[in-house]
Structure formats: structure tokens, C-alpha cells
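What follows is a set of notes on a single structure, which appears directly below.
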Amino acid sequence: MADRNSPHLVGFISRKFLCCLFTLTTFFFIFSWFFVFRSTGQPQFIDHSLLPNSKLFSTIENNEETQTSVQNEIQSSSIPYLNCDSNKMPLKVFMYDMPPEFHFELVGWKAEGDNVWPDIQTKIPEYPGGLNLQHSIEYWLTLDLLSSRFRDPKGVYSAVRVFNSSEADVVFVPFFSSVSYNRHSKLVRPQKKSHNKLLQEKLVSYLTSQEEWKRSGGRDHIVIAHHPNSMLDARMQLWPAMFILSDFGRYPPNVANVEKDVIAPYRHVIGSFINDSSGFDDRPTLLYFQGAIYRKDGGIIRQELYYLLKDEKDVHFSFGSIQKGGIREATKGMHSSKFCLNIAGDTPSSNRLFDAIASHCVPVIISDEIELPYEDILNYSEFSISVRMSDAVKENFLIKLIRSIGKDEWTRMWNKLKEIERFFEYQYPSQQDDAVQMIWQAVARKVPAIKLKLHRSQRFDRSDVGRERTLTSVPWSKHNS
Ligand SMILES: *[C@@H]1O[C@H](CO)[C@@H](O)[C@H](O)[C@H]1NC(C)=O
Ligand SMILES: *[C@@H]1O[C@H](CO)[C@@H](O)[C@H](O)[C@H]1NC(C)=O
Ligand SMILES: *[C@@H]1O[C@H](CO)[C@@H](O)[C@H](O)[C@H]1NC(C)=O
């Protein structure tokens, strides 16, 4: 346990602590009431026996028989058993055995016979490279569930696949929506619809006909739509489910929001800075930005910042996407900069933030609408700087702020970045507290809220017998319950 110096641990300790404190308090509460009843025969609220007076203590000290009987009565009384370690239980996930056209066929795997899933113990199908990888979350989560059957039972896992959906906390929908968008949104004549659109239609009819979906109205389902343009059609019908997204930029608030859904990091495209000993004085560039120019939406701020910063001699600010400029150049740039700008583009989020984290380049976030992964347990102020867009465009505001951060403060953030970078690492097999595990933990934290919604929606099921079940009608209704 000693090596778990993570927010996971902090959360774990404090929950465990609170849980045990609660148990202890309950114990003493009942214990004290026992004496109230004993000494007075009935509870009296303004009674001296409520106070820790000498009479009470003398009873305990002098009468061993009484003490033992008190303990016995307390042990046999109905104090609810509180499992202080309950949050160590992995999330139980049921995964649909959906036809391969929804998942691994989209990355080029060919199913043999009736096999729905590749045999990943023999060979793991590869996800398309390049910028596709930033949204590959679907792939890593699915692999993690597939491996749950044969992996080392002694390992620490945040999710385990169950094969009986009645025993599951959540139901996972293995649709590779981002690669479906990236690879198949072009219309191929003579077809009237793109393959991506057709797959989404198929997905909706597949899901809504499943027992599991009908049972919960989809509320306990997990649907991944990490690319901001993925699932554009299906999301309007699948929104009771929990989405895993990059941001909420293109979603109406009733379809996706921070209460219901989970924000997952992009997979960084810049390589991790392994054995980084490049501190404050070794990074000559003060502030680094490399990105595309956008003229629409929030993207206009990039140009405004460019004019404010272009004459600062230790600032690197250039336009052009990483694809053209080359990943190697961007890696060099971020590894040799103290601060890295993350400015809203055509969407509030971008992989640049996660490239900065992997480079241990302190992120400067200028994006009012951004939502950050695991922010309920992670304090981003410890390793990044957020600036409101309206402030950032004020003359000299940004550069003054950044120049005011000295070596000590910067080094604290740099050290923190090295500590937390593993939370943003997607890999197979997944490791403790990497991005895959952190996403499962974020989902697990939403499970009580799902159960609450589900139970509330089922209150009238008994009296509604004969009528159309409430649940099947709920997803299409306007009520965001
Ligand atoms: C699935 O789990 C439920 C609840 O634990 C149980 O009643 C049911 O029999 C199980 N079904 C199968 C096929 O094992
Ligand atoms: C990082 O440092 C460790 C321990 O000194 C060493 O074993 C490893 O090869 C280094 N890795 C790289 C990529 O330099
Ligand atoms: C978050 O981190 C910042 C910077 O270290 C600190 O000032 C703030 O108090 C922290 N917030 C919480 C809730 O711990």
C-alpha cells in the first residue's frame, strides 16, 4: 500500500477514515445510550448521565460483570456491518458480445468462424496509428475487459468483466466509435449513407432490443464517443447512457454533462519524457505553442494570443498542426519548454494538454469550456495554470503571470507532473492507476448515482403492470431524470 501515493490513495484513505470514524462514532453513540437507558430507565435529554461523569466511569471500572454484558449486548445488537474496504472492489462490467463489425473489424481484424473477439493471448490487433491514436480509448478499455479472464489474479484491477449482466454494476458497449468516424465517414457511392452512419443506426437498434438496455433504459450503459464528431447521430438516442467523452463542446447539456458522463484524457501523441532531469534552467523556451489556426468558434483566441506573444523572445508560438510539423519537432519543443499553452481550438479540449503532461511542460490552459479528466480527485492547480480567455487577451496579462512564476514554484509543478503522468498513460496490459484504470474508477464513482436514478425510475413498476413499462419509454421522453 505504501507505494500508492496517488489521489486514488488519498481518496481511499479519507473514505476509509470517514467510514471507520462513522463506525466508531456509531459504536460510542449506542454505547452511551445503553448507559442512558440503564441509569435512568428512559432516555432523558437533559440528564447528567449523558455527560461523561464519574458515575459512568465508576460503573465501567468497578463492575466488570456489567462491562462484559455491555460488550455482549453491543456485539449482538444490530449495528450494521460496515465494510470499510468496499471501495477496493473492482467495478463489475458486463460487455455485450457485439458483432465484430462494431469493434475490431473497424481496425482491420478479420473474424474467424463464430468468434466475436480476437484471441488477444495470441495476437493483439493494432489500432490505426498517427492522430487516430489520440481517441483510441475504446480500444484500451475493450482490451482491458477481454484480458480480465486470463490476467494475473494477484494484480490490482479497477474493473473486472462479468458474464452475468444481473451481477454487473455497468454494461459496456464495445463500439469503436472514434475509428468508425475517422475511417468511415466518407460517403461511398452508390451508398446513400456513410458506413459510420449505418453502424450508428445498427447500434441503436441492437442496443434498444437488448434485455439489459430495456431493464435500465440504458442508464447503466457505457458508450464511448471520444472523438468530438463520433456518434453524432446515435447520441441523440443513447443519451440515457453514460458517455465517455473528450469534452462537452458539441453536446447539448441534456444529452451529455459532467454529472452523468466521464471525461477521458486523449492519448498523447508526443512520446513520454523518460528519465527527465531537464529542470527549470535546462528548458530555454519559456512558453511553447504549436497548433492549427481556427477561425471559427473559440478558435479566434489563438490569433489574438499570437499577436500578443509573437515578439517575446523566449516564446515559441507557431501555427501548423503537429502532423505537418512532425512529431519529433514538437517533442523537442515541449521537452525544452517550461510552460506549454493549451488554447481552445474548434473544440474546448485537445491532445496538446496531454502532450504537455507527458513532456512535463507545465500546462497553461486557456479554454473556458474545458472539462478535465478525473477532476473530482485531481487538483489541476498543483501542476497547471488556468487562465480565463477574457484575461488572456488583455495586453501583457499572460506573459506577466507566467514570468512571475519562479523556479521553486515551477519545480513543484514539474515534480507533480512526473508524479501524475501515469494517470494519463494508455497501455495494454493496463497497470495500476494508469488511464484505463483511472477511467474505470471514474465510472465506479458514478455508479451510486446511476443506481439512485434507476431505483427512482422503477418506483411505480408494480402499479404500472399492464401499462407500457415506464423504463422503456423514459429514454425518449424529455425528462432528464
Ligand atoms: C445471474 O445472476 C442472477 C443474480 O445473481 C441469478 O439469479 C441468475 O441465476 C444468474 N444467471 C445465470 C445464467 O447464472
Ligand atoms: C532510465 O533510467 C533507468 C535507471 O537509471 C534506466 O534503467 C533506463 O534505461 C533509463 N531509460 C531511458 C529511456 O533512458
Ligand atoms: C489545489 O492546489 C492549489 C495549488 O497548490 C492549492 O492552493 C489549493 O488549496 C488546492 N486545493 C485543494 C482543495 O486542496
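If you're wondering about the labels, chains in the C-alpha cells are A, B, ... by order shown, residues count from 1 in each chain, ligands from 1 in order shown.
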Subject >> Neighbourhood of ligand 1 at 7 Å, counting only C-alpha atoms and all ligand atoms, reported as a list in words >> reply: Asn164, Ser165, Ser166 and Glu167 of chain A
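Near ligand 2, at a distance of at most 12 Å and with only C-alpha atoms and all ligand atoms counted, sit the residues Gly271, Ser272, Phe273, Ile274, Asn275, Asp276 and Ser277 of chain A.
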Selection file, C-alpha atoms, as a PDB file, in the first residue's frame:
ATOM      1  CA  GLY A 271       6.487  10.497 -26.509  1.00  0.00           C
ATOM      2  CA  SER A 272       6.809  10.350 -22.730  1.00  0.00           C
ATOM      3  CA  PHE A 273       9.833  12.124 -21.307  1.00  0.00           C
ATOM      4  CA  ILE A 274      11.521   9.178 -19.658  1.00  0.00           C
ATOM      5  CA  ASN A 275      14.187   9.931 -17.027  1.00  0.00           C
ATOM      6  CA  ASP A 276      13.527  13.650 -17.356  1.00  0.00           C
ATOM      7  CA  SER A 277      16.239  15.555 -15.493  1.00  0.00           C
TER       8      SER A 277
END
**OP:** Could you give me, as a list in words, the residues within 9 Å of A:Arg149, counting only C-alpha atoms and dropping anything in the same chain fewer than 3 positions from it?
**Re:**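 The contact residues come out as Leu145, Leu146, Val160 and Arg161 of chain A.
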When you look at stretch 229-244 of chain A with a cut-off of 6 Å (counting only C-alpha atoms), what residues show up, excluding the ones that are within fewer than 2 positions of it in the same chain? I need them as a compact mmCIF listing (two decimals) with N, CA, C and O atoms, in the first residue's frame.
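Saved file part.txt follows:
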# COMPACT_ATOMS: atom_id res chain seq x y z
N SER A 177 -16.32 3.89 -31.80
CA SER A 177 -16.97 4.99 -32.50
C SER A 177 -15.99 5.99 -33.11
O SER A 177 -16.26 6.56 -34.15
N SER A 178 -14.84 6.20 -32.45
CA SER A 178 -13.89 7.19 -32.98
C SER A 178 -13.25 6.70 -34.27
O SER A 178 -13.13 7.47 -35.23
N TYR A 181 -15.68 6.92 -37.02
CA TYR A 181 -15.77 8.26 -37.59
C TYR A 181 -14.54 8.57 -38.45
O TYR A 181 -14.65 9.02 -39.59
N GLN A 200 -24.02 3.39 -36.72
CA GLN A 200 -24.71 4.01 -35.59
C GLN A 200 -26.19 3.61 -35.55
O GLN A 200 -26.74 3.36 -34.49
N GLY A 218 -31.08 2.02 -20.39
CA GLY A 218 -29.75 2.41 -20.85
C GLY A 218 -28.94 3.17 -19.82
O GLY A 218 -27.78 3.48 -20.05
N ARG A 219 -29.53 3.46 -18.69
CA ARG A 219 -28.85 4.31 -17.71
C ARG A 219 -27.54 3.74 -17.19
O ARG A 219 -26.65 4.49 -16.79
N HIS A 221 -25.51 1.91 -18.94
CA HIS A 221 -24.66 1.55 -20.07
C HIS A 221 -23.54 2.57 -20.26
O HIS A 221 -23.73 3.75 -19.98
N ILE A 222 -22.41 2.07 -20.74
CA ILE A 222 -21.27 2.95 -21.00
C ILE A 222 -21.01 2.97 -22.50
O ILE A 222 -20.76 1.93 -23.11
N VAL A 223 -21.08 4.16 -23.06
CA VAL A 223 -20.89 4.33 -24.50
C VAL A 223 -19.72 5.29 -24.71
O VAL A 223 -19.70 6.37 -24.11
N ILE A 224 -18.76 4.88 -25.53
CA ILE A 224 -17.59 5.74 -25.75
C ILE A 224 -17.76 6.54 -27.02
O ILE A 224 -18.08 6.00 -28.07
N ALA A 225 -17.56 7.84 -26.90
CA ALA A 225 -17.64 8.72 -28.07
C ALA A 225 -16.56 9.78 -27.90
O ALA A 225 -16.84 10.96 -27.74
N HIS A 227 -13.96 10.90 -29.88
CA HIS A 227 -13.81 11.90 -30.94
C HIS A 227 -15.04 12.81 -30.93
O HIS A 227 -16.16 12.32 -30.92
N VAL A 255 -28.01 16.09 -23.19
CA VAL A 255 -27.52 14.85 -23.79
C VAL A 255 -26.25 14.38 -23.07
O VAL A 255 -26.04 13.19 -22.84
N LYS A 260 -23.36 13.23 -15.36
CA LYS A 260 -23.69 11.90 -15.87
C LYS A 260 -22.49 11.21 -16.54
O LYS A 260 -22.36 9.99 -16.46
N ASP A 261 -21.64 11.98 -17.16
CA ASP A 261 -20.65 11.40 -18.06
C ASP A 261 -19.22 11.50 -17.54
O ASP A 261 -18.96 12.18 -16.55
N VAL A 262 -18.33 10.84 -18.24
CA VAL A 262 -16.93 10.78 -17.79
C VAL A 262 -16.04 11.37 -18.88
O VAL A 262 -16.18 11.05 -20.05
N ILE A 263 -15.15 12.25 -18.45
CA ILE A 263 -14.18 12.84 -19.38
C ILE A 263 -12.90 12.01 -19.32
O ILE A 263 -12.35 11.77 -18.25
N PRO A 475 -36.21 6.78 -22.05
CA PRO A 475 -35.12 7.36 -22.83
C PRO A 475 -35.59 8.34 -23.89
O PRO A 475 -34.86 9.23 -24.29
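Considering only C-alpha atoms and all ligand atoms, the residues that reside within 10 Å of ligand 3 can be listed as Ile377, Leu378, Asn379, Tyr380, Ser381, Glu382, Phe383, Ser384, Ile385, Glu409, Arg412, Met413 and Lys416 of chain A.
Going from atom CA of A:Lys446 to atom CA of A:Arg352 covers 27.3 Å.
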Original post:
Do you know which residues are at most 10 Å from A:Ala435 counting only C-alpha atoms, after dropping those on the same chain fewer than 2 positions away, and could you put them as a PyMOL selection string?
Top reply: chain A and resi 137+140-141+264-267+373-374+421-427+430-433+437-441
**OP:** Fewer than 6 positions away in the same chain doesn't count, so skip those; otherwise give me all residues within 6 Å of stretch 326-337 of chain A, counting only C-alpha atoms, as number ranges by chain.
**Re:** A: 270, 283, 285-286, 359
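Near A:Phe319, within a cut-off of 8 Å and counting only C-alpha atoms, sit the residues Gln290, Gly291, Ala292 and Ile293 of chain A, with same-chain residues fewer than 3 positions away left out.
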